[in-house]
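Text of coords23.txt, listed as compact mmCIF, C-alpha atoms:
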# COMPACT_ATOMS: atom_id res chain seq x y z
CA PRO A 168 0.00 0.00 0.00
CA GLY A 169 1.16 3.50 -0.88
CA ASP A 170 3.04 2.44 -4.01
CA VAL A 171 2.33 4.42 -7.16
CA VAL A 172 0.69 3.00 -10.27
CA LEU A 173 2.24 4.54 -13.38
CA GLY A 174 0.25 4.35 -16.59
CA LEU A 175 1.77 4.21 -20.06
CA PRO A 176 -0.65 5.39 -22.75
CA SER A 177 -2.15 3.09 -25.34
CA ASN A 178 -2.34 4.10 -28.97
CA GLY A 179 -5.82 2.67 -29.45
CA ILE A 180 -7.71 -0.59 -29.15
CA HIS A 181 -4.69 -2.89 -29.28
CA ALA A 182 -5.70 -6.52 -29.67
CA ASN A 183 -8.36 -6.92 -27.01
CA GLY A 184 -11.96 -5.92 -27.45
CA MET A 185 -11.72 -6.22 -31.20
CA THR A 186 -14.95 -8.23 -31.42
CA LEU A 187 -16.99 -5.47 -29.79
CA ALA A 188 -15.14 -2.76 -31.72
CA ARG A 189 -15.80 -4.47 -35.05
CA ARG A 190 -19.43 -5.17 -34.20
CA VAL A 191 -20.04 -1.49 -33.44
CA LEU A 192 -17.78 0.34 -35.89
CA LEU A 193 -18.18 -1.81 -39.01
CA LEU A 194 -21.95 -1.21 -39.16
CA GLY A 195 -21.24 1.93 -41.21
CA GLY A 196 -18.65 0.22 -43.41
CA SER A 197 -14.92 -0.26 -43.13
CA ASP A 198 -14.17 2.77 -45.32
CA ARG A 199 -16.24 5.12 -43.15
CA TYR A 200 -14.16 8.05 -41.96
CA LEU A 201 -14.02 8.48 -38.17
CA GLU A 202 -13.61 12.23 -37.83
CA ALA A 203 -12.44 12.10 -34.19
CA CYS A 204 -9.75 9.52 -35.07
CA GLY A 205 -8.65 11.16 -38.30
CA ARG A 206 -8.80 7.88 -40.23
CA THR A 207 -11.17 5.26 -41.57
CA VAL A 208 -12.66 2.52 -39.44
CA LEU A 209 -10.44 -0.03 -41.20
CA ASP A 210 -7.28 2.01 -40.60
CA GLU A 211 -8.20 2.45 -36.94
CA LEU A 212 -8.93 -1.24 -36.43
CA LEU A 213 -5.66 -2.20 -38.16
CA ARG A 214 -3.52 0.27 -36.21
CA PRO A 215 -0.48 -1.65 -34.92
CA THR A 216 -0.44 -2.26 -31.17
CA HIS A 217 2.23 -0.41 -29.26
CA ILE A 218 4.54 -2.96 -27.64
CA TYR A 219 5.95 -1.89 -24.25
CA VAL A 220 9.07 -4.07 -24.24
CA PRO A 221 11.59 -1.19 -24.48
CA GLU A 222 10.00 0.65 -21.57
CA ALA A 223 9.63 -2.49 -19.43
CA LEU A 224 13.19 -3.62 -20.06
CA ALA A 225 14.53 -0.16 -19.29
CA LEU A 226 12.69 -0.18 -15.97
CA LEU A 227 13.88 -3.67 -15.08
CA ARG A 228 17.47 -2.80 -15.96
CA SER A 229 17.42 0.44 -13.99
CA ASP A 230 17.91 1.08 -10.28
CA VAL A 231 14.16 1.58 -9.86
CA GLN A 232 12.60 -1.07 -7.67
CA VAL A 233 9.79 -2.30 -9.89
CA LYS A 234 7.12 -3.98 -7.78
CA GLY A 235 4.80 -4.97 -10.61
CA LEU A 236 4.23 -4.75 -14.35
CA ALA A 237 0.86 -5.27 -15.98
CA HIS A 238 -0.16 -5.21 -19.61
CA ILE A 239 -3.62 -3.67 -19.75
CA SER A 240 -5.40 -5.83 -22.28
CA GLY A 241 -8.65 -7.78 -22.03
CA ASP A 242 -10.19 -7.08 -18.59
CA GLY A 243 -8.69 -3.56 -18.74
CA LEU A 244 -7.35 -2.18 -15.48
CA LEU A 245 -8.56 -5.32 -13.69
CA ASN A 246 -5.30 -6.86 -14.94
CA LEU A 247 -3.67 -5.11 -11.98
CA THR A 248 -5.32 -7.69 -9.73
CA ARG A 249 -3.25 -10.41 -11.42
CA LEU A 250 -0.14 -9.07 -9.69
CA GLU A 251 0.77 -11.28 -6.76
CA ALA A 252 -0.08 -8.93 -3.94
CA ARG A 253 -2.95 -8.90 -1.48
CA VAL A 254 -3.85 -5.27 -2.17
CA GLY A 255 -6.36 -3.06 -3.95
CA TYR A 256 -5.87 -0.23 -6.43
CA GLU A 257 -7.27 3.30 -6.57
CA ILE A 258 -7.07 4.81 -10.06
CA ASP A 259 -7.77 8.51 -9.71
CA SER A 260 -6.04 10.18 -12.65
CA LEU A 261 -6.82 8.49 -15.95
CA LEU A 262 -4.76 9.11 -19.05
CA ASP A 263 -6.37 10.62 -22.14
CA VAL A 264 -8.81 8.20 -23.70
CA PRO A 265 -8.16 7.70 -27.44
CA PRO A 266 -11.14 8.91 -29.51
CA VAL A 267 -11.87 5.45 -30.91
CA PHE A 268 -13.22 4.45 -27.50
CA ASP A 269 -15.64 7.38 -27.48
CA ALA A 270 -16.85 6.33 -30.95
CA ILE A 271 -17.41 2.75 -29.78
CA GLN A 272 -19.17 3.87 -26.61
CA VAL A 273 -21.50 6.34 -28.32
CA GLU A 274 -22.27 4.33 -31.46
CA GLY A 275 -22.69 1.07 -29.57
CA ARG A 276 -24.42 2.59 -26.53
CA VAL A 277 -21.91 0.81 -24.30
CA ASP A 278 -21.81 1.87 -20.64
CA ASP A 279 -18.63 2.83 -18.78
CA ALA A 280 -18.51 -0.42 -16.80
CA GLU A 281 -18.44 -2.51 -19.97
CA MET A 282 -15.94 -0.19 -21.70
CA PHE A 283 -13.52 -0.50 -18.77
CA ARG A 284 -14.03 -4.27 -18.61
CA VAL A 285 -13.31 -4.82 -22.31
CA PHE A 286 -10.83 -2.11 -23.29
CA ASN A 287 -7.64 -0.49 -22.04
CA MET A 288 -9.36 2.94 -22.14
CA GLY A 289 -6.10 4.73 -22.84
CA VAL A 290 -3.82 2.86 -20.42
CA GLY A 291 -1.83 0.24 -22.29
CA PHE A 292 0.62 -0.78 -19.59
CA CYS A 293 1.20 -0.15 -15.88
CA ALA A 294 4.24 -0.19 -13.65
CA VAL A 295 3.93 -0.26 -9.88
CA VAL A 296 6.80 1.43 -8.06
CA ALA A 297 7.51 2.89 -4.63
CA GLU A 298 6.33 6.47 -4.30
CA SER A 299 9.94 7.56 -3.79
CA SER A 300 10.89 5.99 -7.15
CA ALA A 301 8.04 7.35 -9.26
CA ASP A 302 9.94 10.32 -10.73
CA ALA A 303 12.98 8.16 -11.52
CA ALA A 304 10.74 5.54 -13.15
CA MET A 305 9.09 8.17 -15.35
CA ARG A 306 12.54 9.40 -16.44
CA VAL A 307 13.63 5.84 -17.28
CA VAL A 308 10.49 5.28 -19.37
CA ALA A 309 11.02 8.61 -21.16
CA ALA A 310 14.64 7.73 -21.93
CA ALA A 311 13.36 4.49 -23.51
CA GLY A 312 11.08 6.51 -25.78
CA GLY A 313 7.87 6.12 -23.80
CA ASP A 314 5.71 8.19 -21.53
CA ALA A 315 4.45 7.38 -18.04
CA LYS A 316 2.29 9.28 -15.59
CA PRO A 317 0.98 8.49 -12.12
CA ILE A 318 -2.59 7.26 -12.47
CA GLY A 319 -3.21 5.93 -8.98
CA ARG A 320 -2.04 4.13 -5.88
CA VAL A 321 -1.93 0.73 -4.31
CA THR A 322 -4.29 0.48 -1.33
CA ALA A 323 -4.55 -1.88 1.62
CA GLY A 324 -7.87 -3.05 0.28
CA PRO A 325 -10.36 -4.20 -0.41
CA VAL A 326 -8.04 -6.89 -1.73
CA GLY A 327 -8.49 -7.58 -5.43
CA GLN A 328 -10.48 -4.42 -6.10
CA VAL A 329 -9.76 -1.69 -8.64
CA THR A 330 -11.56 1.60 -8.12
CA VAL A 331 -11.70 4.07 -11.00
CA SER A 332 -12.90 7.08 -9.06
CA GLU A 333 -13.16 9.48 -12.04
CA ARG A 334 -15.80 7.23 -13.57
CA GLY A 335 -17.43 6.03 -10.35
CA LEU A 336 -16.50 2.40 -11.04
CA VAL A 337 -15.46 -0.43 -8.77
CA GLY A 338 -13.98 -3.54 -10.33
CA ARG A 339 -13.50 -7.01 -8.96
CA ASP A 340 -14.02 -10.58 -10.15
CA ALA A 341 -13.47 -9.67 -13.84
CA ARG A 342 -16.13 -6.94 -13.98
CA PHE A 343 -16.75 -3.31 -13.19
CA GLU A 344 -19.86 -1.90 -11.55
CA ARG A 345 -21.05 1.56 -10.56
CA ALA A 346 -19.69 2.45 -7.12
So, in terms of structure tokens, how does the structure I just supplied come out?
Amino acid sequence: PGDVVLGLPSNGIHANGMTLARRVLLLGGSDRYLEACGRTVLDELLRPTHIYVPEALALLRSDVQVKGLAHISGDGLLNLTRLEARVGYEIDSLLDVPPVFDAIQVEGRVDDAEMFRVFNMGVGFCAVVAESSADAAMRVVAAAGGDAKPIGRVTAGPVGQVTVSERGLVGRDARFERA
């Protein structure tokens, strides 16, 4: 408890949630231009996934004590609960959400709980570090060509729970609900 959760931004859908994204976005055709994204549906769906290996390796090779690394894929921020620690997580400063998620949510009438269960919602990867190491960890990630920002903290509990306070969501057991 007290450790910082650093979020590294995603560049879009990545590989998880593609079924829902296709079901919603392809209704208007693959060549439909998504104004908010600045590209067609097909180009957005085929956008290559950012791979966080350079940033993760730089952290692991640095003097920063890395306490956990989590790829935020299917199950979204609930992937934090896969780290082997009997703790909870309070996410209180989300990263910018790529516009493709807004398009999916609006066009598909998908509620926040489902969006955060299925998608990364702008956070592609997380590193958990001691509060005293957070600035150093962000510098290491930047030197590796990435970006990281504090998005929350590790809490004493409830164990296995992820709270996304900005959206009023509480997640546990592979799902999010309204708080």
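Among the candidates A:Arg284, A:His238, A:Arg190, A:Ala270, the one nearest to Tyr219 in chain A when counting only C-alpha atoms is A:His238.
Remark: for Val231 in chain A, the closest of the candidate residues A:Met305, A:Glu344, A:Gly324, A:Thr186 is A:Met305 (distances computed over all atoms listed in the file).
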query = Could you pull the residues within 9 Å of Ala323 in chain A, counting all atoms listed in the file, minus those fewer than 3 positions along the same chain, as a list in words?
reply = Pro168, Gly169, Arg253, Val254, Gly255, Tyr256 and Val326 of chain A
key: Counting only C-alpha atoms, the option among A:Asp279, A:Glu202, A:Glu222, A:Asp263 closest to Ala311 in chain A   =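 Under the stated criterion, the closest residue is A:Glu222.
Remark: for Ile258 in chain A, the closest of the candidate residues A:Ala346, A:Val337, A:Met185, A:Leu175 is A:Val337 (distances computed over all atoms listed in the file).
Remark: for Phe286 in chain A, the closest of the candidate residues A:Gln232, A:Ser177, A:Thr207, A:Ser299 is A:Ser177 (distances computed over all atoms listed in the file).
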query = Using only C-alpha atoms, which of A:Val171, A:Val220, A:Ile180, A:Leu187 sits nearest Glu274 in chain A?
reply =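 Of the candidates, the smallest distance to Glu274 in chain A is held by A:Leu187.
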ask   = Suppose you want the space between CA of Leu262 in chain A and CA of Ala301 in chain A; what is it in Å?
value =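 That distance, rounded to one decimal, is 16.2 Å.
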request  = Kindly give the distance, in Å, that separates CA of Asp170 in chain A and CA of Ile218 in chain A, rounded to a single decimal.
outcome  =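 Between these atoms lies a distance of 24.3 Å.
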CA of Pro215 in chain A to CA of Val307 in chain A, distance in Å rounded to a single decimal =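 Separation of CA of Pro215 in chain A and CA of Val307 in chain A: 23.8 Å.
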Padding 6 Å on each side, edges along x, y and z: where is the centre of the box around the listed atoms of range 196-199 of chain A, and how long are its edges in Å to one decimal? Output it as AutoDock Vina command-line options.
--center_x -16.4 --center_y 2.4 --center_z -44.2 --size_x 16.5 --size_y 17.4 --size_z 14.2
task = Dig up all the protein and nucleic acid residues within 7 Å of (-9.7, -7.4, -23.5) in the file frame, using only C-alpha atoms, and format them as a PyMOL selection string.
result = chain A and resi 183-184+240-243+285-286
